[in-house]
>>> print(open('input_22.cif').read())   # mmCIF, C-alpha atoms and all ligand atoms
data_data
#
loop_
_atom_site.label_atom_id
_atom_site.label_comp_id
_atom_site.auth_asym_id
_atom_site.auth_seq_id
_atom_site.Cartn_x
_atom_site.Cartn_y
_atom_site.Cartn_z
CA MET P 3 0.00 0.00 0.00
CA LEU P 4 1.17 3.46 -0.84
CA HIS P 5 1.90 5.87 1.99
CA PRO P 6 0.12 9.19 1.34
CA SER P 7 2.52 12.09 0.88
CA ALA P 8 0.46 14.87 -0.68
CA PRO P 9 0.20 18.00 1.50
CA SER P 10 -2.83 17.99 3.78
CA GLU P 11 -4.13 21.52 3.18
CA PRO P 12 -4.85 21.36 -0.57
CA LEU P 13 -5.87 17.75 -0.07
CA ALA P 14 -8.63 18.80 2.33
CA ALA P 15 -9.75 21.52 -0.10
CA LEU P 16 -9.80 19.03 -2.95
CA ALA P 17 -11.72 16.46 -0.91
CA ALA P 18 -14.30 19.12 -0.11
CA LEU P 19 -14.61 20.03 -3.80
CA LEU P 20 -15.20 16.42 -4.76
CA ARG P 21 -17.66 15.64 -2.00
CA THR P 22 -20.55 16.27 -4.38
CA GLN P 23 -20.66 15.05 -7.95
CA ARG P 24 -19.26 17.67 -10.28
CA ARG P 25 -18.95 18.56 -13.92
CA ILE P 26 -15.19 18.53 -14.40
CA ALA P 27 -12.67 19.33 -17.12
CA VAL P 28 -9.05 18.20 -17.05
CA THR P 29 -6.45 19.96 -19.15
CA THR P 30 -2.70 20.12 -19.63
CA HIS P 31 -0.05 21.97 -21.63
CA TYR P 32 0.36 22.49 -25.36
CA ASN P 33 2.37 19.74 -27.07
CA PRO P 34 1.51 17.37 -24.27
CA ASP P 35 4.07 14.74 -23.29
CA ALA P 36 3.40 11.44 -21.53
CA ASP P 37 3.39 13.06 -18.08
CA ALA P 38 0.74 15.49 -19.31
CA VAL P 39 -1.45 13.08 -21.28
CA GLY P 40 -0.97 10.16 -18.90
CA GLY P 41 -1.74 12.35 -15.91
CA ALA P 42 -4.85 13.85 -17.49
CA LEU P 43 -6.24 10.47 -18.60
CA ALA P 44 -5.48 8.79 -15.28
CA TRP P 45 -6.92 11.56 -13.18
CA ALA P 46 -10.03 11.81 -15.37
CA ARG P 47 -10.62 8.09 -15.00
CA MET P 48 -10.27 8.29 -11.22
CA LEU P 49 -12.80 11.14 -11.14
CA GLY P 50 -15.12 9.16 -13.39
CA VAL P 51 -14.94 6.19 -11.04
CA GLY P 52 -15.98 8.63 -8.30
CA GLY P 53 -19.15 9.46 -10.25
CA HIS P 54 -18.14 12.86 -11.64
CA ALA P 55 -18.80 13.89 -15.23
CA VAL P 56 -15.33 14.39 -16.71
CA GLN P 57 -13.92 15.62 -20.00
CA VAL P 58 -10.22 15.69 -20.88
CA VAL P 59 -9.41 18.72 -23.05
CA LEU P 60 -5.94 18.95 -24.61
CA PRO P 61 -4.66 22.11 -26.34
CA ASN P 62 -3.50 19.97 -29.28
CA PRO P 63 -3.26 16.24 -30.02
CA ALA P 64 -0.74 13.96 -28.34
CA PRO P 65 2.11 12.58 -30.44
CA GLY P 66 1.44 9.25 -32.13
CA ASN P 67 3.35 7.16 -29.59
CA LEU P 68 0.97 8.23 -26.80
CA ARG P 69 -2.39 7.79 -28.49
CA TRP P 70 -2.70 4.21 -27.28
CA LEU P 71 -2.87 5.33 -23.65
CA PRO P 72 -6.13 4.08 -22.10
CA GLY P 73 -8.82 6.74 -22.41
CA TYR P 74 -7.14 8.82 -25.13
CA GLY P 75 -10.01 8.13 -27.54
CA ALA P 76 -12.43 10.02 -25.29
CA ALA P 77 -10.18 13.08 -24.95
CA ILE P 78 -10.81 16.10 -27.18
CA ASP P 79 -8.31 18.71 -28.33
CA HIS P 80 -8.66 22.39 -29.08
CA LEU P 81 -6.81 22.29 -32.36
CA THR P 82 -9.18 19.70 -33.83
CA ASN P 83 -12.35 20.67 -32.02
CA GLN P 84 -12.26 24.29 -30.88
CA VAL P 85 -15.93 24.83 -30.04
CA GLN P 86 -16.43 21.64 -28.07
CA SER P 87 -13.14 22.13 -26.20
CA GLU P 88 -13.94 25.67 -25.09
CA ALA P 89 -17.48 24.64 -24.16
CA ALA P 90 -16.24 21.76 -22.01
CA ILE P 91 -14.08 24.14 -20.01
CA ALA P 92 -16.76 26.84 -19.83
CA GLN P 93 -19.27 24.32 -18.47
CA ALA P 94 -16.92 22.80 -15.91
CA GLU P 95 -17.46 23.54 -12.23
CA VAL P 96 -13.89 22.45 -11.56
CA LEU P 97 -10.95 22.61 -13.97
CA PHE P 98 -7.87 20.51 -13.24
CA CYS P 99 -4.64 21.93 -14.63
CA LEU P 100 -1.96 19.26 -14.81
CA ASP P 101 1.77 19.45 -15.57
CA PHE P 102 1.91 23.21 -16.28
CA ASN P 103 1.41 26.29 -14.13
CA ARG P 104 0.98 29.30 -16.41
CA ALA P 105 -2.19 30.03 -18.36
CA ASP P 106 -0.29 30.76 -21.59
CA ARG P 107 0.94 27.16 -21.70
CA VAL P 108 -2.46 26.03 -23.01
CA HIS P 109 -2.23 28.40 -26.03
CA GLY P 110 -5.74 28.74 -27.55
CA LEU P 111 -7.46 27.57 -24.37
CA GLU P 112 -5.94 30.36 -22.28
CA GLN P 113 -9.01 32.58 -22.13
CA ALA P 114 -11.36 29.72 -21.30
CA LEU P 115 -8.93 28.59 -18.60
CA ARG P 116 -8.64 32.04 -17.04
CA GLN P 117 -12.43 32.28 -16.83
CA ALA P 118 -12.89 28.92 -15.13
CA PRO P 119 -14.26 29.57 -11.62
CA VAL P 120 -12.36 26.84 -9.76
CA LYS P 121 -8.94 25.78 -10.96
CA VAL P 122 -6.96 23.03 -9.27
CA LEU P 123 -3.24 22.82 -10.02
CA ILE P 124 -1.19 19.63 -9.82
CA ASP P 125 2.28 20.37 -11.18
CA HIS P 126 6.02 20.12 -10.61
CA HIS P 127 7.36 23.19 -12.43
CA ARG P 128 8.80 26.27 -10.80
CA GLY P 129 6.81 29.43 -10.06
CA PRO P 130 3.06 28.83 -10.54
CA GLU P 131 0.97 31.75 -11.73
CA ASP P 132 -1.35 33.05 -9.01
CA ILE P 133 -4.61 31.96 -10.64
CA PHE P 134 -5.34 28.61 -9.01
CA GLN P 135 -7.71 28.08 -6.08
CA VAL P 136 -6.23 24.77 -4.98
CA VAL P 137 -2.51 24.24 -5.49
CA PHE P 138 -0.41 21.10 -5.45
CA SER P 139 3.00 22.39 -6.52
CA ASP P 140 6.17 20.44 -5.84
CA ILE P 141 9.29 21.22 -7.86
CA GLY P 142 11.02 18.27 -6.20
CA ALA P 143 8.54 15.77 -7.61
CA SER P 144 9.81 13.67 -10.51
CA SER P 145 6.61 14.11 -12.43
CA THR P 146 3.03 15.26 -12.27
CA CYS P 147 1.96 11.61 -12.48
CA GLN P 148 3.87 10.86 -9.28
CA MET P 149 2.07 13.76 -7.60
CA ILE P 150 -1.29 12.52 -8.88
CA CYS P 151 -0.53 9.15 -7.36
CA ASP P 152 0.17 10.87 -4.04
CA VAL P 153 -3.10 12.80 -4.30
CA ILE P 154 -4.98 9.58 -5.05
CA ALA P 155 -3.39 7.92 -2.01
CA GLY P 156 -4.04 11.01 0.10
CA LEU P 157 -7.72 10.92 -0.80
CA GLY P 158 -7.85 7.27 0.25
CA LEU P 159 -8.54 6.10 -3.30
CA ALA P 160 -5.49 3.90 -3.89
CA ASP P 161 -7.55 0.72 -3.92
CA ARG P 162 -9.57 2.13 -6.82
CA VAL P 163 -6.54 2.37 -9.10
CA GLY P 164 -6.98 -0.12 -11.92
CA LYS P 165 -4.74 -1.21 -14.74
CA GLU P 166 -5.68 1.71 -17.02
CA VAL P 167 -4.87 4.37 -14.42
CA ALA P 168 -1.69 2.53 -13.39
CA THR P 169 -0.57 2.34 -17.02
CA CYS P 170 -1.14 6.06 -17.65
CA LEU P 171 0.62 7.15 -14.46
CA TYR P 172 3.55 4.81 -15.00
CA ALA P 173 3.97 6.19 -18.53
CA GLY P 174 4.26 9.73 -17.17
CA ILE P 175 6.70 8.87 -14.41
CA MET P 176 8.82 6.72 -16.70
CA THR P 177 9.21 9.41 -19.35
CA ASP P 178 9.66 12.41 -17.02
CA THR P 179 12.41 10.57 -15.13
CA GLY P 180 14.14 9.50 -18.35
CA SER P 181 13.32 5.90 -17.47
CA PHE P 182 14.08 6.41 -13.77
CA ARG P 183 17.54 7.89 -14.22
CA PHE P 184 17.20 11.67 -13.71
CA PRO P 185 18.16 13.11 -10.30
CA SER P 186 14.47 13.70 -9.56
CA THR P 187 14.10 9.92 -9.22
CA THR P 188 13.83 9.12 -5.51
CA ALA P 189 13.03 6.13 -3.36
CA HIS P 190 9.50 7.49 -3.26
CA THR P 191 9.39 7.54 -7.06
CA HIS P 192 10.25 3.85 -7.06
CA ARG P 193 7.68 3.14 -4.34
CA VAL P 194 5.03 4.83 -6.44
CA ALA P 195 6.17 2.86 -9.49
CA ALA P 196 6.07 -0.36 -7.47
CA PHE P 197 2.54 0.46 -6.41
CA LEU P 198 1.58 1.01 -10.06
CA LEU P 199 3.07 -2.37 -11.00
CA GLU P 200 0.97 -3.94 -8.26
CA ARG P 201 -2.06 -2.27 -9.83
CA GLY P 202 -1.34 -3.76 -13.25
CA ALA P 203 1.14 -1.51 -15.08
CA GLU P 204 3.44 -3.53 -17.36
CA PRO P 205 6.77 -1.67 -17.65
CA HIS P 206 8.16 -3.51 -20.66
CA LEU P 207 5.03 -2.96 -22.73
CA ILE P 208 4.71 0.70 -21.73
CA HIS P 209 8.38 1.39 -22.46
CA GLU P 210 8.23 -0.38 -25.80
CA ALA P 211 5.06 1.38 -26.90
CA ILE P 212 6.40 4.85 -26.07
CA MET P 213 10.15 4.60 -26.67
CA GLU P 214 10.37 2.15 -29.56
CA ASP P 215 7.98 3.84 -31.91
CA ASN P 216 10.29 5.71 -34.28
CA THR P 217 9.38 6.43 -37.85
CA LEU P 218 12.24 5.83 -40.24
CA ASP P 219 12.33 9.59 -40.91
CA ARG P 220 12.69 10.33 -37.21
CA LEU P 221 15.48 7.83 -36.72
CA ARG P 222 17.32 9.24 -39.75
CA LEU P 223 16.80 12.80 -38.50
CA THR P 224 18.42 11.74 -35.23
CA GLY P 225 21.35 10.23 -37.09
CA PHE P 226 21.71 13.34 -39.25
CA ALA P 227 21.57 15.65 -36.24
CA LEU P 228 24.27 13.71 -34.42
CA HIS P 229 26.50 13.29 -37.45
CA GLU P 230 26.14 16.65 -39.16
CA ARG P 231 24.79 19.14 -36.65
CA LEU P 232 26.38 18.41 -33.28
CA GLN P 233 29.29 20.55 -32.21
CA LEU P 234 31.35 20.69 -29.05
CA LEU P 235 31.95 24.04 -27.41
CA GLU P 236 33.96 25.50 -24.57
CA GLY P 237 36.72 22.93 -24.63
CA GLY P 238 34.26 20.07 -24.76
CA GLN P 239 32.21 21.14 -21.73
CA ALA P 240 29.16 21.92 -23.84
CA SER P 241 27.52 20.54 -26.94
CA VAL P 242 25.04 22.12 -29.27
CA ILE P 243 22.78 20.65 -31.94
CA THR P 244 21.12 23.05 -34.36
CA LEU P 245 18.43 22.14 -36.86
CA SER P 246 17.13 24.56 -39.48
CA THR P 247 13.73 24.40 -41.11
CA GLU P 248 15.48 23.00 -44.17
CA ASP P 249 17.05 20.21 -42.10
CA LEU P 250 13.72 19.36 -40.52
CA GLU P 251 11.82 19.36 -43.80
CA ARG P 252 14.38 17.06 -45.37
CA PHE P 253 13.25 14.39 -42.87
CA HIS P 254 9.53 15.28 -43.02
CA PHE P 255 9.55 16.53 -39.44
CA VAL P 256 6.42 16.13 -37.37
CA PRO P 257 6.09 17.41 -33.78
CA GLY P 258 7.76 15.04 -31.34
CA ASP P 259 10.48 13.97 -33.78
CA THR P 260 13.21 15.91 -31.97
CA GLU P 261 11.95 15.00 -28.49
CA GLY P 262 14.87 13.78 -26.41
CA LEU P 263 17.49 14.63 -29.05
CA VAL P 264 19.19 17.09 -26.69
CA ASN P 265 19.98 14.26 -24.26
CA TYR P 266 22.40 12.63 -26.71
CA GLY P 267 24.60 15.72 -26.56
CA LEU P 268 24.91 15.27 -22.82
CA THR P 269 26.29 11.73 -23.20
CA VAL P 270 29.54 12.93 -24.79
CA ARG P 271 32.40 12.44 -22.31
CA GLY P 272 33.22 15.72 -20.59
CA VAL P 273 30.04 17.51 -21.63
CA ARG P 274 28.07 18.98 -18.76
CA LEU P 275 25.73 21.22 -20.73
CA ALA P 276 23.88 20.20 -23.88
CA ALA P 277 21.91 22.57 -26.05
CA PHE P 278 19.40 21.89 -28.80
CA LEU P 279 18.16 24.69 -31.04
CA ALA P 280 15.60 24.26 -33.77
CA GLU P 281 13.74 26.58 -36.09
CA ARG P 282 9.99 26.64 -35.58
CA LYS P 283 7.26 28.69 -37.24
CA ASP P 284 7.14 31.06 -34.26
CA GLY P 285 10.87 31.36 -33.63
CA ILE P 286 13.73 29.31 -32.26
CA LYS P 287 13.01 26.55 -29.76
CA ILE P 288 15.80 26.06 -27.24
CA SER P 289 16.27 23.04 -24.98
CA LEU P 290 19.08 22.76 -22.45
CA ARG P 291 20.19 19.83 -20.33
CA SER P 292 22.95 19.72 -17.77
CA LYS P 293 24.80 17.47 -15.38
CA GLY P 294 25.57 18.34 -11.78
CA ARG P 295 24.98 21.77 -10.29
CA LEU P 296 24.50 23.73 -13.47
CA PRO P 297 21.11 25.49 -13.36
CA VAL P 298 20.26 25.85 -17.04
CA ASN P 299 16.81 27.16 -16.11
CA GLU P 300 18.54 30.30 -14.79
CA LEU P 301 20.49 30.79 -18.01
CA LEU P 302 17.30 30.49 -20.05
CA ALA P 303 15.31 32.76 -17.75
CA ALA P 304 18.02 35.43 -18.02
CA HIS P 305 18.52 35.32 -21.80
CA PHE P 306 15.93 33.25 -23.65
CA GLN P 307 12.42 33.78 -22.17
CA GLY P 308 12.57 30.38 -20.60
CA GLY P 309 12.63 28.30 -17.49
CA GLY P 310 12.06 24.84 -16.14
CA HIS P 311 14.16 22.59 -13.98
CA ALA P 312 17.81 23.04 -12.97
CA ASN P 313 19.01 20.19 -15.20
CA ALA P 314 16.34 20.37 -17.91
CA ALA P 315 14.81 23.56 -19.20
CA GLY P 316 13.46 25.20 -22.32
CA GLY P 317 13.35 28.65 -23.84
CA ARG P 318 12.84 30.49 -27.09
CA SER P 319 14.14 33.28 -29.23
CA THR P 320 12.65 35.42 -31.96
CA ALA P 321 16.05 36.10 -33.52
CA THR P 322 17.34 33.95 -36.40
CA LEU P 323 18.95 30.59 -35.75
CA PRO P 324 22.52 31.83 -36.34
CA GLU P 325 21.87 34.90 -34.17
CA THR P 326 20.47 32.73 -31.38
CA VAL P 327 23.48 30.40 -31.52
CA GLU P 328 25.74 33.46 -31.45
CA ARG P 329 23.94 34.79 -28.37
CA LEU P 330 24.26 31.42 -26.63
CA LEU P 331 27.98 31.37 -27.41
CA GLN P 332 28.28 34.83 -25.86
CA VAL P 333 26.67 33.93 -22.53
CA LEU P 334 27.94 30.37 -22.17
CA PRO P 335 31.57 30.95 -21.04
CA GLU P 336 30.60 33.18 -18.13
CA PHE P 337 27.81 30.80 -17.10
CA LEU P 338 30.10 27.76 -17.08
CA GLU P 339 32.77 29.70 -15.23
CA ARG P 340 30.30 30.78 -12.59
CA HIS P 341 29.28 27.15 -12.04
CA PRO P 342 32.52 25.16 -12.17
CA ALA P 343 32.39 21.39 -12.44
MN MN Q 1 6.01 16.73 -16.16
#
>>> encode(input="input_22.cif", output="structure tokens", more="lines below")
Ligand SMILES: [Mn+2]
Amino acid sequence: MLHPSAPSEPLAALAALLRTQRRIAVTTHYNPDADAVGGALAWARMLGVGGHAVQVVLPNPAPGNLRWLPGYGAAIDHLTNQVQSEAAIAQAEVLFCLDFNRADRVHGLEQALRQAPVKVLIDHHRGPEDIFQVVFSDIGASSTCQMICDVIAGLGLADRVGKEVATCLYAGIMTDTGSFRFPSTTAHTHRVAAFLLERGAEPHLIHEAIMEDNTLDRLRLTGFALHERLQLLEGGQASVITLSTEDLERFHFVPGDTEGLVNYGLTVRGVRLAAFLAERKDGIKISLRSKGRLPVNELLAAHFQGGGHANAAGGRSTATLPETVERLLQVLPEFLERHPA
């Protein structure tokens, strides 16, 4: 049995909210990953079991390797179904906001979200916006799915977790911890995972379905990026991969194809900061990863409209790709010097 570890104050507020049967919407961030989709589907199913009327509303569809997650077929997304998505949120008495903490992270759903009367946050990112009535925020948690598991246990609902919920939550924890290897992975993370196995999650099948689902184009894009577009910087302490629109189009890029690419740069011996920069329609997407005490979220917050976790963060730039690389090269030496290995 799982020992409850969610904080008691929001837990009591949440329990009070759910004491009567509610009309509920569950949403998450744009370009949802497994922690986002898995968390939303799992939590929606738990609410459904409790007799609430629940709709999962995503800002845009999940990538192909997540659409098998139990319950995905009943979720709607704003990109495909704008009217129904906005209506579901407008009609909800309670809106759950999972795996993000700023209204702009839901893109087109932002206005509907802001107008929702009761918003409950369950999230593990830094600095939540002050718009939520009930807040579960833990930047130390490996994943939102781990936090959801704690909330479930805290509400005394652990014995209602079935195989579908266990599968969704395991998927989120597995991916957000990089298959249980990031520093955010704790003994508690493993206890939660063990609990999910007891409830029916099958790790080998979940891992295979999510991680071994490359298209040939994606695999070749990865190879191209590593062979042609990876450079070492700062005496081998940093690596950077840059992909232009032309590069991406050559391999018929679809969203999700460069997911995780940045992590390869961090595996080069001696590298303690890895950067990935790619051209997108709305500017340059920047992902940074680091090893040890090298808070890349601070670098991104200071220079690239970004943030996130100390060892994994994202940002953006409206300059060109070469200009953005140039800017990164300008700020990198001082940053590395300030945080010696
Ligand atoms: Mn997450």
>>> residues_around(input="input_22.cif", residues="Glu230 in chain P", least_positions_apart="5", cutoff="10 Å", atoms="only C-alpha atoms", output="PyMOL selection string")
chain P and resi 224-225+243-245
>>> atom_distance(input="input_22.cif", atom1="CA of Ala143 in chain P", atom2="CA of Gly310 in chain P")
12.9 Å
>>> residues_around(input="input_22.cif", residues="Leu232 in chain P", least_positions_apart="3", cutoff="12 Å", atoms="all atoms listed in the file", output="PyMOL selection string")
chain P and resi 224-229+235+238+240-245+263-268+270+276-279
>>> residues_around(input="input_22.cif", residues="Ala8 in chain P", least_positions_apart="2", cutoff="9 Å", atoms="only C-alpha atoms", output="PyMOL selection string")
chain P and resi 6+10-13+138+149-156
>>> axis_aligned_box(input="input_22.cif", around="range 220-224 of chain P", padding_each_side="4 Å", output="lines of an AutoDock Vina configuration file")
center_x = 15.6
center_y = 10.3
center_z = -37.5
size_x = 13.7
size_y = 13.0
size_z = 12.5
>>> residues_near_point(input="input_22.cif", point="(2.3, 20.1, -27.8)", cutoff="7 Å", atoms="only C-alpha atoms", output="PyMOL selection string")
chain P and resi 31-34+62+64
>>> residues_around(input="input_22.cif", residues="Val28 in chain P", least_positions_apart="6", cutoff="10 Å", atoms="only C-alpha atoms", output="ChimeraX atom specification")
/P:41-43,45-46,49,56-60,77,90-91,94,96-100,121-122
>>> closest_residue(input="input_22.cif", among="P:Arg128, P:Arg252, P:Arg340, P:Arg231", to="ligand MN 1 (chain Q)", atoms="all atoms listed in the file")
P:Arg128
>>> atom_distance(input="input_22.cif", atom1="CA of Ser139 in chain P", atom2="CA of Pro185 in chain P")
18.2 Å
>>> atom_distance(input="input_22.cif", atom1="CA of Pro342 in chain P", atom2="CA of Gln239 in chain P")
10.4 Å
>>> residues_around(input="input_22.cif", residues="Thr169 in chain P", least_positions_apart="4", cutoff="10 Å", atoms="all atoms listed in the file", output="PyMOL selection string")
chain P and resi 40+44+71-72+163-165+173-174+198-199+201-205+207-208
>>> residues_near_ligand(input="input_22.cif", ligand="ligand MN 1 (chain Q)", cutoff="6 Å", atoms="only C-alpha atoms and all ligand atoms", output="list in words")
Asp37, Asp101, Ser145, Thr146 and Asp178 of chain P
>>> closest_residue(input="input_22.cif", among="P:Leu111, P:Leu81, P:Leu123, P:Ala314", to="Ser186 in chain P", atoms="all atoms listed in the file")
P:Ala314
